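Peer 1: Below you'll find the structure I mean.
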Amino acid sequence: MKKFENIIILAAGRSTRFWPLDDKNMVKFLGKPLLLYQIEKLKPYTKKVLIIVSKKNIDSITKAVSSFQNIHIILQKGDGQASALLSVNDEALGETLVVNNIDVFNEKVIFTQIFKQRDKYELILTAKEMKKYFPGGYLRYKKNQVLELIEKPKPEKRPSNMVSLVVDYFANFSEFIDVLKSLKNPAKDGAFEEGLNIYLKKVKAIFINYQDYWYFLKYPWHVLSLKYFFLSQVKKHVGKNVFLDKTAKIEGDVYLEDGVKIYEHSKIVGPCYIGKNTIVGNYSLIKESMIGENCLIGGYSEVTRSYLGNKVYLHRNYLGDSVIENNVLFGAGAVCANFRFDEKEIHSSVNGDMINCQRNKLGAIIGSNVKIGVNSSLMPGIKIVANSIVMPNSIVLKDIKRSVLK
Amino acid sequence: MKKFENIIILAAGRSTRFWPLDDKNMVKFLGKPLLLYQIEKLKPYTKKVLIIVSKKNIDSITKAVSSFQNIHIILQKGDGQASALLSVNDEALGETLVVNNIDVFNEKVIFTQIFKQRDKYELILTAKEMKKYFPGGYLRYKKNQVLELIEKPKPEKRPSNMVSLVVDYFANFSEFIDVLKSLKNPAKDGAFEEGLNIYLKKVKAIFINYQDYWYFLKYPWHVLSLKYFFLSQVKKHVGKNVFLDKTAKIEGDVYLEDGVKIYEHSKIVGPCYIGKNTIVGNYSLIKESMIGENCLIGGYSEVTRSYLGNKVYLHRNYLGDSVIENNVLFGAGAVCANFRFDEKEIHSSVNGDMINCQRNKLGAIIGSNVKIGVNSSLMPGIKIVANSIVMPNSIVLKDIKRSVLK
Amino acid sequence: MKKFENIIILAAGRSTRFWPLDDKNMVKFLGKPLLLYQIEKLKPYTKKVLIIVSKKNIDSITKAVSSFQNIHIILQKGDGQASALLSVNDEALGETLVVNNIDVFNEKVIFTQIFKQRDKYELILTAKEMKKYFPGGYLRYKKNQVLELIEKPKPEKRPSNMVSLVVDYFANFSEFIDVLKSLKNPAKDGAFEEGLNIYLKKVKAIFINYQDYWYFLKYPWHVLSLKYFFLSQVKKHVGKNVFLDKTAKIEGDVYLEDGVKIYEHSKIVGPCYIGKNTIVGNYSLIKESMIGENCLIGGYSEVTRSYLGNKVYLHRNYLGDSVIENNVLFGAGAVCANFRFDEKEIHSSVNGDMINCQRNKLGAIIGSNVKIGVNSSLMPGIKIVANSIVMPNSIVLKDIKRSVLK
C-alpha cells in the first residue's frame with residue numbers, strides 16, 4: 001500500500017444546524033472526541049494529516065491532537081469549503097484525500113477501491129445511493145464516470161440518487177487548487193462545487209458506489225444514531241475502583257470506566273457506556289445510553305437511549321432519546337417527553353424551518369451549562385441553548401434560544 | 001326445579017350516568033365481560049335467555065355471547081324499559097323473569113324464594129331495604145303484598161325503604177305485555193312503572209325482601225365496588241409463561257394470567273388480578289387492583305385500589321381509586337389525586353348535577369383512548385371523555401368532555 | 001458545688017422571627033421538647049427553676065414540665081425581657097442565673113467558670129466572640145471587666161466582637177430587680193439593657209469568654225443546625241416491635257423508636273432519628289434527618305438533612321434541608337427545591353426583610369396542619385403558614401402567610 005501524500009480533514013464548518021450543541025468535532029463518544037477517531041482511522045493511510053480549523057475550535061482541536069505526529073493544524077481563511085482548501089497553500093500538492101468533517105464511514109471499503117483505481121484517474125469521488133431525499137451534493141454520471149456535482153438540488157431535480165460523501169481523491173491536488181484560485185469569489189456558497197465542476201471537465205473522474213455505513217452529525221439528534229454505532233462496539237468491562245452494590249444489576253454489554261459507583265437496586269441494561277467517576281444513585285435505570293464523566297444519575301432516574309456529556313446531574317428524572325451536553329442539572333421531577341400524542345414523527349426547528357427528525361421518539365437536546373427547574377416538562381424535540389435556565393414547574397413547548405447565565 | 005320459560009336481560013340502557021365509560025355490559029372483570037357472568041349465572045334457571053340490546057351494543061354483545069346456546073338477541077325499538085319489553089314481541093309468553101342489566105346479586109337466594117312462591121302469585125318483585133336514599137323505584141306495600149311502585153320519589157316522599165332490584169317474576173308475561181301495549185306512550189319516562197302499577201291492581205303480587213349483596217354500575221365509580229366483589233373471589237395463581245423476577249414480591253391472593261412479566265423490586269399486594277401479557281416494570285407497587293391485558297405498568301408506578309382496562313400504559317404515575325378504560329397512556333409524573341384537602345366526600349358531575357360519590361377516596365375516571373401529559377395532575381373524581389388528551393403539566397379541575405383525537 | 005438559689009429561664013418571647021413554626025420551647029428533638037433538655041441540664045445546678053411563660057405557651061409548658069419538682073411557672077406581665085424579670089416578684093432574691101430561652105450551650109464549661117468567680121463579682125455575663133456580624137447584644141469591656149452592653153449596634157459600630165449569650169449571673173438578684181423597677185417604661189425595647197447598664201455602673205462585673213458550642217433558634221432554619229447537634233449524639237438503636245424488611249438497609253447511627261416499620265428496599269443513612277410508630281414505605285431514602293412520631297414516609301420519598309415533626313405524610317416527594325412541623329401532608333410528586341440556580345446563598349423573608357440564611361442549601365419551612373398539592377414545587381427558603389393549603393401543580397415563589405384551613 002502506497003500511502004496518500006495528504007489527507008485533509010475539513011473541520012472548520014460553522015455547524016449552525018448542530019445548535020445548541022457545540023463543535024461536532026469534539027463531541028465525545030466512549031470518552032474520546034469524534035475527531036480523534038477520524039485521525040486514528042485515517043493516519044495509517046497517509047504521510048500527513050492536515051486539519052482545517054476555525055478560530056472557534058483551533059485551541060480545543062490543537063490541544064486534542066497534540067499527542068499525534070505529522071498533524072498540521074491550518075486556520076481557515078474566508079468562508080466555505082473552497083476557502084478552506086485554499087487555506088492549505090502549498091502544504092498539500094500531490095496525492096491528496098479531502099474528507100469532510102468527522103463523518104463516520106468504513107474507510108477500508110472506500111480506500112481499497114480508491115487504491116485500485118488511483119493510477120487510472122485524476123479524481124475519484126465517493127458517493128452513496130440515497131433513495132429518500134437527503135440535503136447534499138448529487139452526482140450526474142454516465143456509467144461510473146462523473147459529469148457534474150449538483151449541490152442541494154430540489155428533490156424533483158435530482159440528477160441521480162448518488163450523494164457525495166466528500167471523501168474525494170485528487171491525484172494532483174495542486175491542479176485543483178489552481179482551479180479554485182481562478183474562481184471570482186471562492187468564499188461564496190457553492191464555490192467548491194463550481195470549482196469541482198470546472199475540474200471535472202478537464203480530467204478523468206469516476207466515483208465509488210459506497211454501500212456500507214455512513215454516520216454524520218448534521219443535526220444534533222444525529223448524535224443518537226452515532227451513539228448506537230459506538231455502543232455496538234462496547235464489551236462488558238469493569239474499570240478500577242468501581243463500586244457495584246450487590247443489589248445493583250448489570251445486563252448485557254456495559255462498559256464501566258474507572259471509579260464508577262452504582263448504588264442499591266439500580267439496573268443498567270447494555271449496550272451502555274458509563275464514564276469515569278460517574279455515580280448512579282439508588283433505584284435508577286439506564287438503558288442503551290452513553291454517559292460521560294463525573295455525572296450524578298441521582299436516585300429514581302431513568303436514562304433511556306440517551307447521550308449525556310460530562311457533569312450531568314439528574315435527580316428523579318426521566319430522559320428518553322435525549323442529548324445533553326456538559327454541566328447540565330435537572331431538578332427533581334423534571335421530565336423529557338419523547339413522543340407525540342398524535343404519534344407523528346418529531347419535528348424540530350432548525351434555523352427557522354421545522355425539520356422532520358424522522359424519529360418517532362426524540363426527547364430534548366440541551367447545550368452546556370443549563371439548569372432545568374423541578375417538575376418541569378420538556379416537549380419532544382425541544383432544544384435549549386447553552387447557559388440557560390428552565391423555570392420550575394414550566395412546560396417547554398418551543399426551543400429556548402436566549403442564554404441567561406453567561 | 002322447574003326452569004323459567006324465559007329470562008329477559010335488559011341490556012339496552014343508554015347509561016348516560018355511566019359516562020365516560022362505555023357499555024356497562026361489556027366492562028371486563030377478571031378478564032370477562034360482566035354480561036357473561038350474568039348469563040352464566042342465570043342460564044341454569046331458564047330454558048331461554050333474551051337479551052334486549054341497543055344499536056350501539058348489538059354487535060359487541062352478539063359476538064360476546066356467540067358461544068352460548070338458547071340466547072336470543074333482540075334489538076330494542078323505542079326508548080325506555082316498557083319499549084324494551086315490547087320489543088320482545090311473542091318470543092316470551094309464559095313464565096318470565098325480567099332482570100335489569102348486569103346488576104350483581106345472589107341469584108340462589110332470590111330464585112329459591114321465587115320458586116317457593118311461583119305457583120301462588122302472578123307477579124313477584126325483588127326488593128332490598130335501603131335506609132339511605134337511593135335513586136330507584138320504591139315499593140308501597142302492606143305486609144309483603146305490593147300495592148304500588150313509585151319511581152325515584154323525593155327522599156321525603158318515599159313510601160317505604162324497599163327498593164326494587166328489577167328482578168321481576170311474571171307468571172304470565174303476555175298478560176303484562178298486553179298492559180304495556182295499552183299505554184298511550186310506552187317510550188315516555190316512567191312508562192314501565194305505569195304499566196306495572198296498572199298490572200298490580202289486577203293480580204296478586206308480593207315482593208321478596210332480599211338482604212344479600214347487590215352491586216350495580218349506575219355511576220362509573222361503582223366499578224370500584226364491583227372490582228372488590230370479584231377480587232374477593234381471587235386465589236393465588238401463576239399462569240403459563242409468567243416471568244417473576246426473584247427480587248419481585250407477591251403478597252396475598254394475586255392472580256397472574258398467562259404471559260405476565262414482573263420485573264425487579266416490584267411488589268403486588270393481593271387481592272389483585274393481572275391480565276394476560278401485562279408487564280409490570282421495575283419498582284412498581286400494585287395493591288387491591290384489577291388490571292387488564294397487555295398493559296404496561298411502567299417503572300416507578302403505583303396502582304392502588306384501581307381498575308385498569310386493556311392496554312393501559314403507565315410510567316412513573318400514581319393512580320389511586322381510579323377507573324381507567326382501554327388504551328390509555330399516562331406520561332411520566334402524571335398523578336391521579338384521590339382525596340380532598342378538606343377531607344369531605346368526593347363529588348362528581350353527572351349530567352350537570354354534582355353527585356356525592358359517597359367515597360372519601362376517589363381518583364380519576366377515564367374513557368378509552370386517552371393520553372395524559374407528563375407531570376399533569378388530575379383532581380379527585382375527575383372524568384375524562386374517550387379519545388381525548390390532557391396537556392402536559394396541566395391541572396385538571398373539571399371533567400373533560402370534548403374528544404380531540406377522533 | 002454550692003447550688004444557685006434560682007435559675008430563671010426566659011421562655012415567653014413572641015418569636016415572630018421563628019414564624020411559621022410555633023413555640024420554640026416546644027420543638028421536639030429526639031422526641032423531647034427542647035425546654036425539657038434545658039431544664040434537665042440546669043436543674044442539678046440550682047435549688048429552683050423559674051420559667052417565665054406567656055399566655056400562649058403557659059398551658060403546653062405547664063403540662064410538659066409537670067413531672068419535675070421545684071419548677072415555678074410564672075406568667076409574664078408586659079412586653080420585653082425587663083418585664084419578664086419584673087414578673088418574678090419576690091420569688092427570686094439571692095443568687096440567680098438568668099438564661100435566655102432554650103439556647104443550647106455547654107453548661108459545664110460556663111458554670112465551672114462562674115463558680116470560680118461567684119464570690120468576687122456581683123455580676124458575671126457570658127459572651128462569645130463572633131467575628132461575623134450577629135444581631136445580638138455586644139459588650140464594651142476593658143480586660144474582662146464589662147463596661148456596657150449595646151443591643152444590636154450597626155455592624156460598623158460594634159464596640160467589640162463579644163456577644164452576650166444571656167447566661168447572666170446575679171449575686172444579689174433583688175438589687176438588679178430594684179434597678180429595673182426604677183425604669184420609666186420597663187416594657188419598651190431595650191429596657192433590659194438600659195437596666196443592666198445602670199447596674200453595671202454600680203457593681204463589679206466581668207464576663208466569661210465562652211468558646212464552646214452555642215445553638216439557638218432565632219430563625220426557623222436554625223432547627224436544622226440544632227438537629228445536627230442532637231443527631232451527633234445518636235447511637236444505633238432498634239426499639240420494640242420494629243419491623244425492618246430484609247431488603248431494607250440501615251447504615252450508620254440510626255435510632256429507630258418503638259413500633260417503627262421500614263418496608264422493602266428502603267434505605268436510611270445515619271445519623272438519623274425515626275420517631276415512634278413512623279412508617280417508611282417502599283423505595284424510600286432517608287439521610288441525616290430527624291423524623292417525629294406517627295409519620296408516613298410514603299413510597300418513593302426522599303428526606304435529606306431535614307426535620308419532620310409528628311404526623312407528616314409524604315408520598316413520592318423530595319424534601320431536602322427542610323423543616324416541617326406537625327400534621328403536614330404532601331401530595332404525590334411535590335418537591336422542595338433546596339438550592340438556587342444562581343448558586344447564591346438562600347435568602348428568606350422575615351418580618352418584611354430579606355435575610356441571608358447563610359446556607360447554600362435550604363428547602364421549605366412549613367407550619368403545622370398544611371396540605372401540599374400533588375406535583376407542586378416549593379422554592380428554596382419558602383415558608384408556609386400553619387393551617388394552609390398549596391394548590392396542586394403550583395409553584396410557590398413567595399412565603400404563604402394566609403391560613404385557609406382554620
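Here, A, B, ... name the chains of the C-alpha cells in the order displayed, residue numbers run from 1 inside each chain, and ligands are numbered from 1 in the same displayed order.
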Could you give me, as an NGL selection string, the residues within 10 Å of B:Tyr141, counting only C-alpha atoms and dropping anything in the same chain fewer than 4 positions from it?

Peer 2: :B and (145-149 or 159-160 or 162 or 205-207)

Peer 1: For A:Ile208, find every residue with an atom within 12 Å (counting only C-alpha atoms), except residues of its own chain fewer than 6 positions away, and show them as a ChimeraX atom specification.

Peer 2: /A:109-118,121,123-129,139,141,143-146,162-169

Peer 1: For chain C, work out the contacting residues on chain A at 8 Å, counting only C-alpha atoms, and write them as an MDAnalysis selection string.

Peer 2: chainID A and resid 265 283 300 331:333 371 374:375 389 392:393 405

Peer 1: Include C-alpha atoms and write out the residues we just selected as an mmCIF file, in the first residue's frame.

Peer 2:
```cif
data_model
loop_
_atom_site.group_PDB
_atom_site.id
_atom_site.type_symbol
_atom_site.label_atom_id
_atom_site.label_comp_id
_atom_site.auth_asym_id
_atom_site.auth_seq_id
_atom_site.Cartn_x
_atom_site.Cartn_y
_atom_site.Cartn_z
ATOM 1 C CA HIS A 265 -31.257 -1.574 43.339
ATOM 2 C CA TYR A 283 -33.355 2.909 42.072
ATOM 3 C CA TYR A 300 -35.119 7.338 40.889
ATOM 4 C CA GLY A 331 -34.243 19.438 39.222
ATOM 5 C CA ALA A 332 -36.294 16.672 40.817
ATOM 6 C CA GLY A 333 -39.291 15.535 38.803
ATOM 7 C CA LYS A 371 -30.293 24.184 34.726
ATOM 8 C CA VAL A 374 -38.003 20.912 39.362
ATOM 9 C CA ASN A 375 -41.165 19.329 37.956
ATOM 10 C CA ILE A 389 -32.395 28.166 32.811
ATOM 11 C CA PRO A 392 -39.577 25.132 37.846
ATOM 12 C CA ASN A 393 -42.982 23.627 37.014
ATOM 13 C CA LEU A 405 -26.476 32.536 32.873
#
```

Peer 1: Mind checking DSSP for stretch 120-319 of chain A and telling me the strand (DSSP E) residues as a PyMOL selection string?

Peer 2: chain A and resi 123-129+137-142+145-151+162-164+167-170+205-210+214-215+237-238+243-244+249-251+254-256+261-262+267-269+272-274+279-280+285-287+290-291+296-297+302-304+307-308+313-314+318-319

Peer 1: Produce a file of the selected residues containing C-alpha atoms, as a PDB file, in the first residue's frame.

Peer 2:
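Output saved as part_2.pdb:
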```pdb
ATOM      1  CA  LEU A 123     -10.260  12.424  -9.450  1.00  0.00           C
ATOM      2  CA  ILE A 124     -12.183   9.759  -7.524  1.00  0.00           C
ATOM      3  CA  LEU A 125     -15.295  10.772  -5.613  1.00  0.00           C
ATOM      4  CA  THR A 126     -17.207   8.627  -3.114  1.00  0.00           C
ATOM      5  CA  ALA A 127     -20.968   8.527  -3.264  1.00  0.00           C
ATOM      6  CA  LYS A 128     -23.779   6.662  -1.538  1.00  0.00           C
ATOM      7  CA  GLU A 129     -27.142   5.862  -3.011  1.00  0.00           C
ATOM      8  CA  GLY A 137     -24.453  17.129  -3.302  1.00  0.00           C
ATOM      9  CA  TYR A 138     -25.790  14.825  -6.077  1.00  0.00           C
ATOM     10  CA  LEU A 139     -23.783  13.329  -8.910  1.00  0.00           C
ATOM     11  CA  ARG A 140     -24.727  13.462 -12.571  1.00  0.00           C
ATOM     12  CA  TYR A 141     -22.903  10.490 -14.121  1.00  0.00           C
ATOM     13  CA  LYS A 142     -22.649   8.073 -17.009  1.00  0.00           C
ATOM     14  CA  GLN A 145     -17.891   8.462 -14.842  1.00  0.00           C
ATOM     15  CA  VAL A 146     -18.798  11.667 -13.026  1.00  0.00           C
ATOM     16  CA  LEU A 147     -20.068  14.516 -15.191  1.00  0.00           C
ATOM     17  CA  GLU A 148     -21.253  17.046 -12.648  1.00  0.00           C
ATOM     18  CA  LEU A 149     -21.871  17.624  -8.929  1.00  0.00           C
ATOM     19  CA  ILE A 150     -25.112  19.454  -8.148  1.00  0.00           C
ATOM     20  CA  GLU A 151     -25.357  20.845  -4.622  1.00  0.00           C
ATOM     21  CA  MET A 162     -25.912   9.286  -5.750  1.00  0.00           C
ATOM     22  CA  VAL A 163     -24.906  11.654  -2.943  1.00  0.00           C
ATOM     23  CA  SER A 164     -21.290  12.709  -2.480  1.00  0.00           C
ATOM     24  CA  VAL A 167     -14.273  11.668   0.552  1.00  0.00           C
ATOM     25  CA  ASP A 168     -12.563  12.889  -2.603  1.00  0.00           C
ATOM     26  CA  TYR A 169      -9.274  11.684  -4.048  1.00  0.00           C
ATOM     27  CA  PHE A 170      -7.154  14.105  -6.075  1.00  0.00           C
ATOM     28  CA  ALA A 205     -13.146  11.263 -12.925  1.00  0.00           C
ATOM     29  CA  ILE A 206     -15.060   8.344 -11.549  1.00  0.00           C
ATOM     30  CA  PHE A 207     -16.974   7.676  -8.362  1.00  0.00           C
ATOM     31  CA  ILE A 208     -17.078   4.765  -5.982  1.00  0.00           C
ATOM     32  CA  ASN A 209     -20.541   3.460  -5.243  1.00  0.00           C
ATOM     33  CA  TYR A 210     -20.197   3.026  -1.484  1.00  0.00           C
ATOM     34  CA  TRP A 214     -22.304   6.341   6.936  1.00  0.00           C
ATOM     35  CA  TYR A 215     -22.968   8.390  10.041  1.00  0.00           C
ATOM     36  CA  HIS A 237     -15.922  -4.078  31.223  1.00  0.00           C
ATOM     37  CA  VAL A 238     -15.428  -3.096  34.849  1.00  0.00           C
ATOM     38  CA  PHE A 243     -18.238   0.128  43.248  1.00  0.00           C
ATOM     39  CA  LEU A 244     -21.184  -2.036  42.347  1.00  0.00           C
ATOM     40  CA  LYS A 249     -27.768  -5.304  38.281  1.00  0.00           C
ATOM     41  CA  ILE A 250     -25.829  -5.145  35.042  1.00  0.00           C
ATOM     42  CA  GLU A 251     -27.313  -6.767  31.953  1.00  0.00           C
ATOM     43  CA  VAL A 254     -21.986  -2.387  29.821  1.00  0.00           C
ATOM     44  CA  TYR A 255     -18.658  -0.587  29.947  1.00  0.00           C
ATOM     45  CA  LEU A 256     -17.927   0.888  33.366  1.00  0.00           C
ATOM     46  CA  LYS A 261     -20.178   3.813  41.570  1.00  0.00           C
ATOM     47  CA  ILE A 262     -23.564   2.138  41.280  1.00  0.00           C
ATOM     48  CA  LYS A 267     -30.090  -1.516  36.855  1.00  0.00           C
ATOM     49  CA  ILE A 268     -28.087  -0.895  33.729  1.00  0.00           C
ATOM     50  CA  VAL A 269     -29.069  -2.608  30.518  1.00  0.00           C
ATOM     51  CA  CYS A 272     -24.140   1.196  27.698  1.00  0.00           C
ATOM     52  CA  TYR A 273     -21.060   3.243  28.438  1.00  0.00           C
ATOM     53  CA  ILE A 274     -20.589   4.966  31.809  1.00  0.00           C
ATOM     54  CA  ILE A 279     -22.237   7.904  40.209  1.00  0.00           C
ATOM     55  CA  VAL A 280     -25.518   6.099  39.705  1.00  0.00           C
ATOM     56  CA  LEU A 285     -32.488   2.609  35.366  1.00  0.00           C
ATOM     57  CA  ILE A 286     -30.108   3.171  32.488  1.00  0.00           C
ATOM     58  CA  LYS A 287     -30.630   1.592  29.104  1.00  0.00           C
ATOM     59  CA  MET A 290     -23.806   6.751  26.737  1.00  0.00           C
ATOM     60  CA  ILE A 291     -22.964   8.778  29.838  1.00  0.00           C
ATOM     61  CA  LEU A 296     -24.530  12.021  39.027  1.00  0.00           C
ATOM     62  CA  ILE A 297     -27.504   9.954  37.951  1.00  0.00           C
ATOM     63  CA  GLU A 302     -34.277   6.814  34.157  1.00  0.00           C
ATOM     64  CA  VAL A 303     -31.994   7.326  31.186  1.00  0.00           C
ATOM     65  CA  THR A 304     -33.137   5.527  28.061  1.00  0.00           C
ATOM     66  CA  TYR A 307     -26.444  10.668  25.267  1.00  0.00           C
ATOM     67  CA  LEU A 308     -25.139  12.575  28.293  1.00  0.00           C
ATOM     68  CA  TYR A 313     -26.730  15.846  37.299  1.00  0.00           C
ATOM     69  CA  LEU A 314     -30.074  14.076  37.376  1.00  0.00           C
ATOM     70  CA  TYR A 318     -36.934  10.656  33.038  1.00  0.00           C
ATOM     71  CA  LEU A 319     -34.758  11.220  29.990  1.00  0.00           C
TER      72      LEU A 319
END
```

Peer 1: So that I can see what lies close to C:Asn356, please list as a list of chain:residue names the residues with an atom at most 8 Å from it, counting only C-alpha atoms and leaving out residues fewer than 5 positions away in the same chain.

Peer 2: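 Listing them by chain and then by number gives C:Glu345, C:Ile346, C:His347, C:Ser348.
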
Peer 1: Do you know which residues are at most 10 Å from stretch 183-199 of chain C counting only C-alpha atoms, after dropping those on the same chain fewer than 3 positions away, and could you put them as a PyMOL selection string?

Peer 2: chain C and resi 77-86+122-123+137+146-152+175-180+202-205

Peer 1: Go ahead and write the selection's residues with N, CA and C atoms as a compact mmCIF listing (two decimals), in the first residue's frame.

Peer 2:
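For reference, part-v4.txt as written:
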```txt
# COMPACT_ATOMS: atom_id res chain seq x y z
N LYS C 77 -45.86 39.51 82.71
CA LYS C 77 -46.74 40.67 82.56
C LYS C 77 -45.98 41.74 81.80
N GLY C 78 -46.54 42.27 80.75
CA GLY C 78 -45.87 43.30 79.96
C GLY C 78 -44.87 42.72 78.98
N ASP C 79 -44.42 43.55 78.05
CA ASP C 79 -43.51 43.08 76.99
C ASP C 79 -42.05 43.17 77.40
N GLY C 80 -41.24 42.39 76.78
CA GLY C 80 -39.79 42.52 76.87
C GLY C 80 -39.19 41.78 78.06
N GLN C 81 -37.85 41.73 78.01
CA GLN C 81 -37.09 40.95 78.98
C GLN C 81 -37.14 41.57 80.38
N ALA C 82 -37.13 42.90 80.44
CA ALA C 82 -37.21 43.56 81.76
C ALA C 82 -38.54 43.23 82.42
N SER C 83 -39.63 43.35 81.66
CA SER C 83 -40.94 42.98 82.19
C SER C 83 -40.95 41.53 82.65
N ALA C 84 -40.29 40.69 81.88
CA ALA C 84 -40.24 39.26 82.23
C ALA C 84 -39.66 39.10 83.63
N LEU C 85 -38.53 39.76 83.86
CA LEU C 85 -37.87 39.60 85.16
C LEU C 85 -38.68 40.24 86.27
N LEU C 86 -39.34 41.38 85.97
CA LEU C 86 -40.18 42.03 86.98
C LEU C 86 -41.37 41.14 87.36
N GLU C 122 -20.41 40.77 91.53
CA GLU C 122 -21.87 40.82 91.72
C GLU C 122 -22.61 40.47 90.42
N LEU C 123 -21.88 40.55 89.31
CA LEU C 123 -22.49 40.27 88.01
C LEU C 123 -21.47 39.59 87.10
N GLY C 137 -26.57 41.40 71.51
CA GLY C 137 -26.06 42.46 72.39
C GLY C 137 -24.54 42.35 72.51
N VAL C 146 -16.71 44.27 82.34
CA VAL C 146 -17.75 44.75 81.43
C VAL C 146 -18.10 46.19 81.76
N LEU C 147 -18.11 47.06 80.73
CA LEU C 147 -18.45 48.47 80.93
C LEU C 147 -19.88 48.77 80.46
N GLU C 148 -20.28 48.11 79.37
CA GLU C 148 -21.59 48.46 78.80
C GLU C 148 -22.06 47.32 77.89
N LEU C 149 -23.38 47.16 77.78
CA LEU C 149 -23.97 46.21 76.84
C LEU C 149 -24.74 47.02 75.79
N ILE C 150 -24.38 46.86 74.53
CA ILE C 150 -25.02 47.64 73.47
C ILE C 150 -25.82 46.69 72.58
N GLU C 151 -27.13 46.89 72.59
CA GLU C 151 -28.02 45.95 71.89
C GLU C 151 -28.08 46.26 70.40
N LYS C 152 -27.86 45.24 69.62
CA LYS C 152 -27.91 45.33 68.16
C LYS C 152 -27.36 46.63 67.60
N GLU C 175 -31.30 43.30 93.98
CA GLU C 175 -30.72 44.62 93.68
C GLU C 175 -30.97 45.00 92.21
N PHE C 176 -30.79 44.02 91.34
CA PHE C 176 -30.99 44.28 89.90
C PHE C 176 -32.48 44.55 89.63
N ILE C 177 -33.33 43.78 90.30
CA ILE C 177 -34.77 44.00 90.16
C ILE C 177 -35.14 45.42 90.59
N ASP C 178 -34.50 45.89 91.66
CA ASP C 178 -34.77 47.28 92.10
C ASP C 178 -34.41 48.27 91.00
N VAL C 179 -33.32 48.02 90.32
CA VAL C 179 -32.94 48.90 89.21
C VAL C 179 -34.02 48.87 88.12
N LEU C 180 -34.46 47.66 87.79
CA LEU C 180 -35.48 47.54 86.74
C LEU C 180 -36.77 48.26 87.16
N LYS C 202 -22.82 50.38 89.00
CA LYS C 202 -22.83 50.27 90.48
C LYS C 202 -21.98 49.11 91.00
N VAL C 203 -21.78 48.10 90.16
CA VAL C 203 -21.21 46.86 90.69
C VAL C 203 -19.94 46.46 89.95
N LYS C 204 -19.25 45.45 90.50
CA LYS C 204 -18.10 44.87 89.82
C LYS C 204 -18.60 43.74 88.92
N ALA C 205 -18.37 43.89 87.63
CA ALA C 205 -18.92 42.91 86.68
C ALA C 205 -17.85 42.44 85.71
```

Peer 1: Just checking: using only C-alpha atoms, which residue out of C:Val104, C:Leu224, C:Leu36, C:Leu329 ends up closest to C:Gly367?

Peer 2: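 Once distances to C:Gly367 are computed over only C-alpha atoms, the minimum belongs to C:Leu329.
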
Peer 1: Skip C:Ile384 itself and residues of its chain fewer than 3 positions away, then list as JSON, numbers by chain all residues within 7 Å of it, counting only C-alpha atoms.

Peer 2: {"C": [20, 365, 366, 367, 399, 400, 401]}

Peer 1: Keeping C-alpha atoms for every residue in the selection just given, could you write it to a file as a short mmCIF file (atom, residue, chain, number, x, y, z; two decimals), in the first residue's frame?

Peer 2:
```cif
data_model
loop_
_atom_site.label_atom_id
_atom_site.label_comp_id
_atom_site.auth_asym_id
_atom_site.auth_seq_id
_atom_site.Cartn_x
_atom_site.Cartn_y
_atom_site.Cartn_z
CA PRO C 20 -44.14 29.94 60.66
CA ILE C 365 -40.18 25.66 56.23
CA ILE C 366 -43.75 24.62 56.85
CA GLY C 367 -46.01 25.20 59.86
CA ASP C 399 -44.00 32.82 51.58
CA ILE C 400 -47.63 31.83 52.13
CA LYS C 401 -48.96 33.91 55.03
#
```

Peer 1: What separation in Å, quoted to one decimal, exists between atom CA of A:Val404 and atom CA of A:Asn326?

Peer 2: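 Atom-to-atom, atom CA of A:Val404 and atom CA of A:Asn326 are spaced 16.7 Å apart.
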
Peer 1: I'd like the contact shell of B:Ile52 - 6 Å cut-off, only C-alpha atoms, skipping same-chain residues fewer than 4 positions apart - returned as a list in words.

Peer 2: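 These residues fall inside the cut-off: Leu10, Ala11, Ala12, Ile74, Leu75 and Gln76 of chain B.
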
Peer 1: Which residues come within 7 Å of A:Leu217, counting only C-alpha atoms, excluding same-chain residues fewer than 5 positions away, as number ranges by chain?

Peer 2: A: 24, 222-223

Peer 1: Using Å and a single decimal, report how far atom CA of C:Phe216 sits from atom CA of C:Asn25.

Peer 2: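 Straight-line distance from atom CA of C:Asn25 to atom CA of C:Phe216 works out to 10.8 Å.
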
Peer 1: Report the residues of stretch 68-249 of chain C whose backbone DSSP state falls under helix (DSSP H, G or I), written as a PyMOL selection string.

Peer 2: chain C and resi 80-86+89-91+107-117+155-157+173-181+191-202+222-231

Peer 1: Expressed in Å to a single decimal, how great is the separation between atom CA of B:Cys357 and atom CA of B:Met130?

Peer 2: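 Those two atoms sit 16.4 Å apart.
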